[in-house]
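Enquirer: Sharing a structure, written as structure tokens. Questions coming.
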Amino acid sequence: MSDSEQQGQDGGVGGNSGGDGGGGGGCSTTGERLREEYRRHVQTQLSHDLVDAIGSLQQHQHHLQQLSQQLEQATTQVRSSAEETKASINAALDSFLATVHEAVALRRQQLLDEVAEVEEEALGPLEQCGRELAGRVGEAAERVAQGQRLQRHSGVMARDTVLRFQEEAAAMTSLPEVPALCAVPSVSVEFPREPTLGEEVRELVGRAGRVSRMGPVQITNIVEQPGALLVSWEEVDEDVSDEGLEFCLELSNTGATDPHSAIFSRKYEGPDYSFLLRDLRAGESYLLRVASRREGAASFGPWSLVQTASTSLPHFKWSTSSNSGWSVADEGRLACKMSCEPEVLHSEALLLKPGSSVLFKILSGGGGCSDEGLGLSCAPVSGPEHLLLPGTLFLSAQGCVFLDGVSRVTRLPPIQDKSQVSFAVEKVSSSKVRVYIESQEKQVTYEWGVPSAQDGLYFVASFGEPRWRISVH
């Protein structure tokens with residue numbers, strides 16, 4: 001092979017080597033790019049993982065803070081209730097001690113006065129007898145001394161003097177009357193021996209007071225109603241029998257969040273385990289507490305834990321649209337008949353849901369006709385004549401009940417001035433509700449097959465004369 005051929009082959013080899021060098025540079029650039037993308041992907045993933053971890057830790061921190069607040073509230077409740085209870089114990093027993101001291105001092109003085117009275121009554125005659133006896137003793141001593149003087153001068157005494165002395169001595173033989181010991185008082189006092197006063201007092205004090213870990217009655221459920229709260233409670237102390245108990249429910253709407261500074265007003269007192277608080281403002285916070293006492297007791301026992309509650313459901317309202325014969329006031333609660341034209345007044349919407357009740361208060365009224373009264377309806381009613389059609393439950397002013405236009409046998413008291421009528425609805429099934437109608441403490445119950453009632457019912461009123469004023473709650 002010639003030198004030129006050899007050089008050509010070497011040049012070719014050199015060119016290929018150069019090409020391999022260029023291809024190797026391209027692979028290196030791609031690898032670096034892939035490694036950079038992978039590095040960025042890893043960094044992004046790590047950043048996301050870090051954000052998730054921080055978020056999880058922050059959520060955990062928030063839960064821990066909530067638990068810390070709950071623990072702080074629990075600690076505060078234990079300490080504050082314990083301090084209040086200690087203060088109550090000290091006040092009650094200090095008052096008891098003061099009463100006992102006052103009673104003992106009074107009884108002591110009464111007994112001492114009785115002894116002094118007996119002593120004074122008994123010593124008066126004895127002192128008088130003592131004075132008389134002392135006079136007699138002195139007189140006798142004087143006569144004895146006189147006789148002894150006569151005796152010393154017996155040689156020169158006259159007979160008349162001796163005879164006169166003998167007569168006077170003979171006249172002094174009578175003795176004053178002194179009572180026997182059995183005839184005068186022997187003052188004493190008797191205290192009970194079995195049990196002694198001390199034992200009785202110890203037993204009485206031993207029964208005074210009873211410390212409870214928690215009030216014996218507690219609020220267990222609060223259900224929102226339109227402009228109302230249905231509050232339920234029960235006895236939680238297993239050692240306390242629920243027979244013969246009566247309860248007291250109190251409410252505070254002063255805006256205070258601290259139960260100690262809140263001003264409570266009594267809303268219910270009686271034997272029931274629930275009560276419907278009406279005429280509440282939607283969105284406003286209320287404080288509730290309940291206590292119990294045995295029937296006949298003078299005062300109620302410890303209060304339950306104070307519960308905070310509110311209703312988000314607006315109160316019942318009469319409709320203000322297209323009812324020229326009615327005037328509505330008091331934020332929609334009060335309806336006043338303004339004309340003699342018969343016109344049915346509806347609620348603002350389908351407000352009466354299953355599980356709630358509506359109360360009508362007749363503030364003024366009189367004797368009504370058969371087509372006048374109060375009721376429930378699945379749909380708006382255009383006139384009084386439609387109150388006796390299917391889809392309505394109507395209680396006439398005369399006390400007759402019409403269910404889907406059919407008259408029922410049972411009659412309720414007539415609706416008149418100062419009457420109160422309530423309709424309570426509860427769900428039986430998807431196509432049936434149970435309605436309780438109560439008027440003047442008399443109640444009837446009907447099952448009503450109205451599937452649309454699950455979405456709510458209108459409450460209605462139909463009266464002709466202007467004297468009717470009806471408040472809804």
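Please note that chains go A, B, ... in the order of the structure tokens, that every chain numbers its residues from 1, and that ligands are numbered from 1 in the order shown.
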Can you tell me, as a PDB file with all heavy atoms, in the first residue's frame, which residues in region 178-396 of chain A count as helix (DSSP H, G or I) by DSSP?
Expert:
```pdb
ATOM      1  N   LEU A 181     -90.569  19.746 152.663  1.00  0.00           N
ATOM      2  CA  LEU A 181     -89.736  19.730 151.460  1.00  0.00           C
ATOM      3  C   LEU A 181     -90.480  19.175 150.241  1.00  0.00           C
ATOM      4  O   LEU A 181     -90.246  19.596 149.112  1.00  0.00           O
ATOM      5  CB  LEU A 181     -88.470  18.901 151.716  1.00  0.00           C
ATOM      6  CG  LEU A 181     -87.498  19.482 152.766  1.00  0.00           C
ATOM      7  CD1 LEU A 181     -86.303  18.565 152.922  1.00  0.00           C
ATOM      8  CD2 LEU A 181     -87.076  20.888 152.374  1.00  0.00           C
ATOM      9  N   CYS A 182     -91.383  18.220 150.486  1.00  0.00           N
ATOM     10  CA  CYS A 182     -92.120  17.638 149.364  1.00  0.00           C
ATOM     11  C   CYS A 182     -93.163  18.597 148.811  1.00  0.00           C
ATOM     12  O   CYS A 182     -93.767  18.320 147.771  1.00  0.00           O
ATOM     13  CB  CYS A 182     -92.772  16.333 149.796  1.00  0.00           C
ATOM     14  SG  CYS A 182     -93.998  16.530 151.114  1.00  0.00           S
ATOM     15  N   ALA A 183     -93.395  19.707 149.559  1.00  0.00           N
ATOM     16  CA  ALA A 183     -94.414  20.655 149.123  1.00  0.00           C
ATOM     17  C   ALA A 183     -93.828  21.867 148.410  1.00  0.00           C
ATOM     18  O   ALA A 183     -94.576  22.739 147.973  1.00  0.00           O
ATOM     19  CB  ALA A 183     -95.238  21.111 150.326  1.00  0.00           C
ATOM     20  N   LEU A 197     -78.883  15.125 122.523  1.00  0.00           N
ATOM     21  CA  LEU A 197     -78.960  16.268 121.619  1.00  0.00           C
ATOM     22  C   LEU A 197     -77.769  16.288 120.658  1.00  0.00           C
ATOM     23  O   LEU A 197     -77.914  16.563 119.462  1.00  0.00           O
ATOM     24  CB  LEU A 197     -79.009  17.571 122.413  1.00  0.00           C
ATOM     25  CG  LEU A 197     -80.365  17.965 123.007  1.00  0.00           C
ATOM     26  CD1 LEU A 197     -80.206  19.238 123.819  1.00  0.00           C
ATOM     27  CD2 LEU A 197     -81.394  18.148 121.915  1.00  0.00           C
ATOM     28  N   GLY A 198     -76.599  15.993 121.199  1.00  0.00           N
ATOM     29  CA  GLY A 198     -75.412  15.985 120.347  1.00  0.00           C
ATOM     30  C   GLY A 198     -75.513  14.964 119.237  1.00  0.00           C
ATOM     31  O   GLY A 198     -75.142  15.228 118.085  1.00  0.00           O
ATOM     32  N   GLU A 199     -76.018  13.761 119.573  1.00  0.00           N
ATOM     33  CA  GLU A 199     -76.167  12.715 118.556  1.00  0.00           C
ATOM     34  C   GLU A 199     -77.196  13.110 117.505  1.00  0.00           C
ATOM     35  O   GLU A 199     -77.007  12.868 116.310  1.00  0.00           O
ATOM     36  CB  GLU A 199     -76.565  11.401 119.225  1.00  0.00           C
ATOM     37  CG  GLU A 199     -75.451  10.799 120.083  1.00  0.00           C
ATOM     38  CD  GLU A 199     -75.946   9.626 120.901  1.00  0.00           C
ATOM     39  OE1 GLU A 199     -77.181   9.494 121.035  1.00  0.00           O
ATOM     40  OE2 GLU A 199     -75.108   8.861 121.407  1.00  0.00           O
ATOM     41  N   GLU A 200     -78.293  13.730 117.958  1.00  0.00           N
ATOM     42  CA  GLU A 200     -79.300  14.173 117.001  1.00  0.00           C
ATOM     43  C   GLU A 200     -78.743  15.230 116.057  1.00  0.00           C
ATOM     44  O   GLU A 200     -78.995  15.202 114.851  1.00  0.00           O
ATOM     45  CB  GLU A 200     -80.528  14.713 117.741  1.00  0.00           C
ATOM     46  CG  GLU A 200     -81.361  13.647 118.412  1.00  0.00           C
ATOM     47  CD  GLU A 200     -82.620  14.221 119.025  1.00  0.00           C
ATOM     48  OE1 GLU A 200     -82.700  15.459 119.152  1.00  0.00           O
ATOM     49  OE2 GLU A 200     -83.514  13.445 119.361  1.00  0.00           O
ATOM     50  N   VAL A 201     -77.988  16.173 116.619  1.00  0.00           N
ATOM     51  CA  VAL A 201     -77.404  17.223 115.789  1.00  0.00           C
ATOM     52  C   VAL A 201     -76.395  16.623 114.811  1.00  0.00           C
ATOM     53  O   VAL A 201     -76.359  16.986 113.624  1.00  0.00           O
ATOM     54  CB  VAL A 201     -76.739  18.304 116.658  1.00  0.00           C
ATOM     55  CG1 VAL A 201     -75.941  19.273 115.801  1.00  0.00           C
ATOM     56  CG2 VAL A 201     -77.800  19.054 117.454  1.00  0.00           C
ATOM     57  N   ARG A 202     -75.561  15.682 115.284  1.00  0.00           N
ATOM     58  CA  ARG A 202     -74.596  15.040 114.386  1.00  0.00           C
ATOM     59  C   ARG A 202     -75.296  14.324 113.245  1.00  0.00           C
ATOM     60  O   ARG A 202     -74.866  14.394 112.089  1.00  0.00           O
ATOM     61  CB  ARG A 202     -73.735  14.051 115.171  1.00  0.00           C
ATOM     62  CG  ARG A 202     -72.709  14.694 116.084  1.00  0.00           C
ATOM     63  CD  ARG A 202     -71.728  13.671 116.615  1.00  0.00           C
ATOM     64  NE  ARG A 202     -70.926  14.231 117.680  1.00  0.00           N
ATOM     65  CZ  ARG A 202     -71.217  14.124 118.965  1.00  0.00           C
ATOM     66  NH1 ARG A 202     -72.316  13.476 119.347  1.00  0.00           N
ATOM     67  NH2 ARG A 202     -70.431  14.666 119.880  1.00  0.00           N
ATOM     68  N   GLU A 203     -76.372  13.622 113.577  1.00  0.00           N
ATOM     69  CA  GLU A 203     -77.111  12.904 112.533  1.00  0.00           C
ATOM     70  C   GLU A 203     -77.728  13.879 111.533  1.00  0.00           C
ATOM     71  O   GLU A 203     -77.677  13.659 110.314  1.00  0.00           O
ATOM     72  CB  GLU A 203     -78.207  12.047 113.163  1.00  0.00           C
ATOM     73  CG  GLU A 203     -78.981  11.223 112.144  1.00  0.00           C
ATOM     74  CD  GLU A 203     -80.085  10.404 112.783  1.00  0.00           C
ATOM     75  OE1 GLU A 203     -80.205  10.420 114.029  1.00  0.00           O
ATOM     76  OE2 GLU A 203     -80.828   9.755 112.038  1.00  0.00           O
ATOM     77  N   LEU A 204     -78.292  14.969 112.058  1.00  0.00           N
ATOM     78  CA  LEU A 204     -78.890  15.968 111.176  1.00  0.00           C
ATOM     79  C   LEU A 204     -77.838  16.609 110.277  1.00  0.00           C
ATOM     80  O   LEU A 204     -78.031  16.736 109.063  1.00  0.00           O
ATOM     81  CB  LEU A 204     -79.586  17.044 112.013  1.00  0.00           C
ATOM     82  CG  LEU A 204     -80.208  18.217 111.237  1.00  0.00           C
ATOM     83  CD1 LEU A 204     -81.309  17.723 110.321  1.00  0.00           C
ATOM     84  CD2 LEU A 204     -80.741  19.271 112.192  1.00  0.00           C
ATOM     85  N   VAL A 205     -76.709  16.992 110.856  1.00  0.00           N
ATOM     86  CA  VAL A 205     -75.648  17.615 110.075  1.00  0.00           C
ATOM     87  C   VAL A 205     -75.068  16.615 109.082  1.00  0.00           C
ATOM     88  O   VAL A 205     -74.698  16.971 107.953  1.00  0.00           O
ATOM     89  CB  VAL A 205     -74.547  18.169 111.002  1.00  0.00           C
ATOM     90  CG1 VAL A 205     -73.367  18.677 110.193  1.00  0.00           C
ATOM     91  CG2 VAL A 205     -75.102  19.283 111.871  1.00  0.00           C
ATOM     92  N   GLY A 206     -74.998  15.350 109.483  1.00  0.00           N
ATOM     93  CA  GLY A 206     -74.468  14.326 108.588  1.00  0.00           C
ATOM     94  C   GLY A 206     -75.313  14.135 107.338  1.00  0.00           C
ATOM     95  O   GLY A 206     -74.812  13.666 106.315  1.00  0.00           O
ATOM     96  N   PRO A 384    -112.822  30.352  51.221  1.00  0.00           N
ATOM     97  CA  PRO A 384    -113.273  29.518  52.338  1.00  0.00           C
ATOM     98  C   PRO A 384    -113.924  28.225  51.902  1.00  0.00           C
ATOM     99  O   PRO A 384    -113.843  27.208  52.603  1.00  0.00           O
ATOM    100  CB  PRO A 384    -114.271  30.433  53.071  1.00  0.00           C
ATOM    101  CG  PRO A 384    -113.881  31.818  52.679  1.00  0.00           C
ATOM    102  CD  PRO A 384    -113.371  31.712  51.278  1.00  0.00           C
ATOM    103  N   GLU A 385    -114.584  28.218  50.744  1.00  0.00           N
ATOM    104  CA  GLU A 385    -115.266  27.005  50.304  1.00  0.00           C
ATOM    105  C   GLU A 385    -114.289  25.882  49.985  1.00  0.00           C
ATOM    106  O   GLU A 385    -114.645  24.700  50.008  1.00  0.00           O
ATOM    107  CB  GLU A 385    -116.128  27.314  49.076  1.00  0.00           C
ATOM    108  CG  GLU A 385    -115.345  27.714  47.824  1.00  0.00           C
ATOM    109  CD  GLU A 385    -114.967  29.180  47.803  1.00  0.00           C
ATOM    110  OE1 GLU A 385    -115.237  29.878  48.811  1.00  0.00           O
ATOM    111  OE2 GLU A 385    -114.407  29.629  46.784  1.00  0.00           O
ATOM    112  N   HIS A 386    -113.011  26.220  49.713  1.00  0.00           N
ATOM    113  CA  HIS A 386    -112.018  25.208  49.390  1.00  0.00           C
ATOM    114  C   HIS A 386    -111.359  24.610  50.635  1.00  0.00           C
ATOM    115  O   HIS A 386    -110.503  23.730  50.513  1.00  0.00           O
ATOM    116  CB  HIS A 386    -110.949  25.795  48.468  1.00  0.00           C
ATOM    117  CG  HIS A 386    -111.474  26.205  47.133  1.00  0.00           C
ATOM    118  ND1 HIS A 386    -111.502  27.520  46.715  1.00  0.00           N
ATOM    119  CD2 HIS A 386    -112.031  25.485  46.125  1.00  0.00           C
ATOM    120  CE1 HIS A 386    -112.025  27.594  45.509  1.00  0.00           C
ATOM    121  NE2 HIS A 386    -112.364  26.368  45.125  1.00  0.00           N
ATOM    122  N   LEU A 387    -111.728  25.084  51.812  1.00  0.00           N
ATOM    123  CA  LEU A 387    -111.171  24.519  53.052  1.00  0.00           C
ATOM    124  C   LEU A 387    -111.766  23.162  53.372  1.00  0.00           C
ATOM    125  O   LEU A 387    -111.275  22.466  54.265  1.00  0.00           O
ATOM    126  CB  LEU A 387    -111.424  25.479  54.223  1.00  0.00           C
ATOM    127  CG  LEU A 387    -110.625  26.792  54.177  1.00  0.00           C
ATOM    128  CD1 LEU A 387    -111.103  27.743  55.263  1.00  0.00           C
ATOM    129  CD2 LEU A 387    -109.133  26.518  54.326  1.00  0.00           C
ATOM    130  N   LEU A 388    -112.831  22.781  52.665  1.00  0.00           N
ATOM    131  CA  LEU A 388    -113.474  21.484  52.885  1.00  0.00           C
ATOM    132  C   LEU A 388    -113.236  20.566  51.697  1.00  0.00           C
ATOM    133  O   LEU A 388    -114.073  19.706  51.381  1.00  0.00           O
ATOM    134  CB  LEU A 388    -114.974  21.680  53.131  1.00  0.00           C
ATOM    135  CG  LEU A 388    -115.334  22.599  54.305  1.00  0.00           C
ATOM    136  CD1 LEU A 388    -116.838  22.689  54.483  1.00  0.00           C
ATOM    137  CD2 LEU A 388    -114.688  22.105  55.588  1.00  0.00           C
TER     138      LEU A 388
END
```
Enquirer: With a distance cut-off of 9 Å and only C-alpha atoms, select the neighbouring residues of region 408-425 of chain A, excluding the residue or stretch itself and same-chain residues fewer than 2 positions from it, and output the selection as a PyMOL selection string.
Expert: chain A and resi 352-368+373-376+395-403+406+427+433-444+468
Enquirer: Using only C-alpha atoms, which protein or nucleic acid residues come within 9 Å of Arg143 (chain A)? Drop anything in the same chain fewer than 6 positions from it, and give the result as a PyMOL selection string.
Expert: chain A and resi 165+168-169
Enquirer: For Arg266 (chain A), list every protein, DNA or RNA residue within 10 Å, evaluated using only C-alpha atoms, and leave out those in the same chain fewer than 2 positions away; present the list as number ranges by chain.
Expert: A: 248-252, 264, 268-269, 289-290
Enquirer: Name the closest residue to Pro185 (chain A) among the candidates A:Leu389, A:Gly332, A:Gly55, A:Pro125; distances are taken between atoms, counting only C-alpha atoms.
Expert: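 Looking at the shortest contact to Pro185 (chain A), the residue is A:Pro125.
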Enquirer: Which residues are close to Leu230 (chain A), i.e. within 12 Å by only C-alpha atoms, leaving aside same-chain residues fewer than 6 positions away? Reply as a list in words.
Expert: Ile219, Thr220, Asn221, Ile222, Val223, Glu224, Leu249, Tyr273, Ser274, Phe275, Leu276, Leu277, Arg278, Asp279, Leu280, Leu288, Ala309, Ser310, Thr311, Gly355, Ser356 and Ser357 of chain A
Enquirer: At what distance in Å, to one decimal, does CA of His101 (chain A) lie from CA of Ala82 (chain A)?
Expert: 27.8 Å
Enquirer: To one decimal place, how far is CA of Val328 (chain A) from CA of Ser285 (chain A) in Å?
Expert: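 That distance, rounded to one decimal, is 26.8 Å.
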Enquirer: Excluding region 293-302 of chain A and any residue of its chain fewer than 4 positions from it, enumerate the residues within 6 Å of it, using only C-alpha atoms, and give them as a PDB file with N, CA and C atoms, in the first residue's frame.
Expert:
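Below is the file that was written, out39.pdb:
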```pdb
ATOM      1  N   GLY A 215     -74.742  17.937  87.881  1.00  0.00           N
ATOM      2  CA  GLY A 215     -76.139  18.114  88.253  1.00  0.00           C
ATOM      3  C   GLY A 215     -76.950  16.874  87.924  1.00  0.00           C
ATOM      4  N   GLY A 244     -92.103  11.434  90.990  1.00  0.00           N
ATOM      5  CA  GLY A 244     -92.425  12.613  91.785  1.00  0.00           C
ATOM      6  C   GLY A 244     -91.487  13.774  91.569  1.00  0.00           C
ATOM      7  N   LEU A 245     -90.812  13.821  90.414  1.00  0.00           N
ATOM      8  CA  LEU A 245     -89.904  14.926  90.132  1.00  0.00           C
ATOM      9  C   LEU A 245     -90.603  15.986  89.294  1.00  0.00           C
ATOM     10  N   GLU A 246     -90.213  17.212  89.492  1.00  0.00           N
ATOM     11  CA  GLU A 246     -90.620  18.291  88.603  1.00  0.00           C
ATOM     12  C   GLU A 246     -89.390  19.096  88.234  1.00  0.00           C
TER      13      GLU A 246
END
```
Enquirer: Could you give me the residues within region 187-430 of chain A that DSSP places in strand (DSSP E), as an NGL selection string?
Expert: :A and (217-225 or 228-235 or 245-252 or 265-270 or 274-277 or 286-294 or 307-309 or 326-329 or 334-337 or 343-346 or 356-364 or 373-377 or 392-396 or 400-403 or 406-411 or 420-429)
Enquirer: Pick out the residues sitting within 6 Å of Pro216 (chain A), and hand them over as a PyMOL selection string; count only C-alpha atoms, and ignore anything fewer than 6 positions along from it in its own chain.
Expert: chain A and resi 235-237
Enquirer: Keeping C-alpha atoms for every residue in the selection just given, could you write it to a file as a compact mmCIF listing (two decimals), in the first residue's frame?
Expert:
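This went into result05.txt:
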```txt
# COMPACT_ATOMS: atom_id res chain seq x y z
CA GLU A 235 -82.04 12.40 84.97
CA VAL A 236 -78.42 11.24 84.78
CA ASP A 237 -78.01 10.37 88.47
```
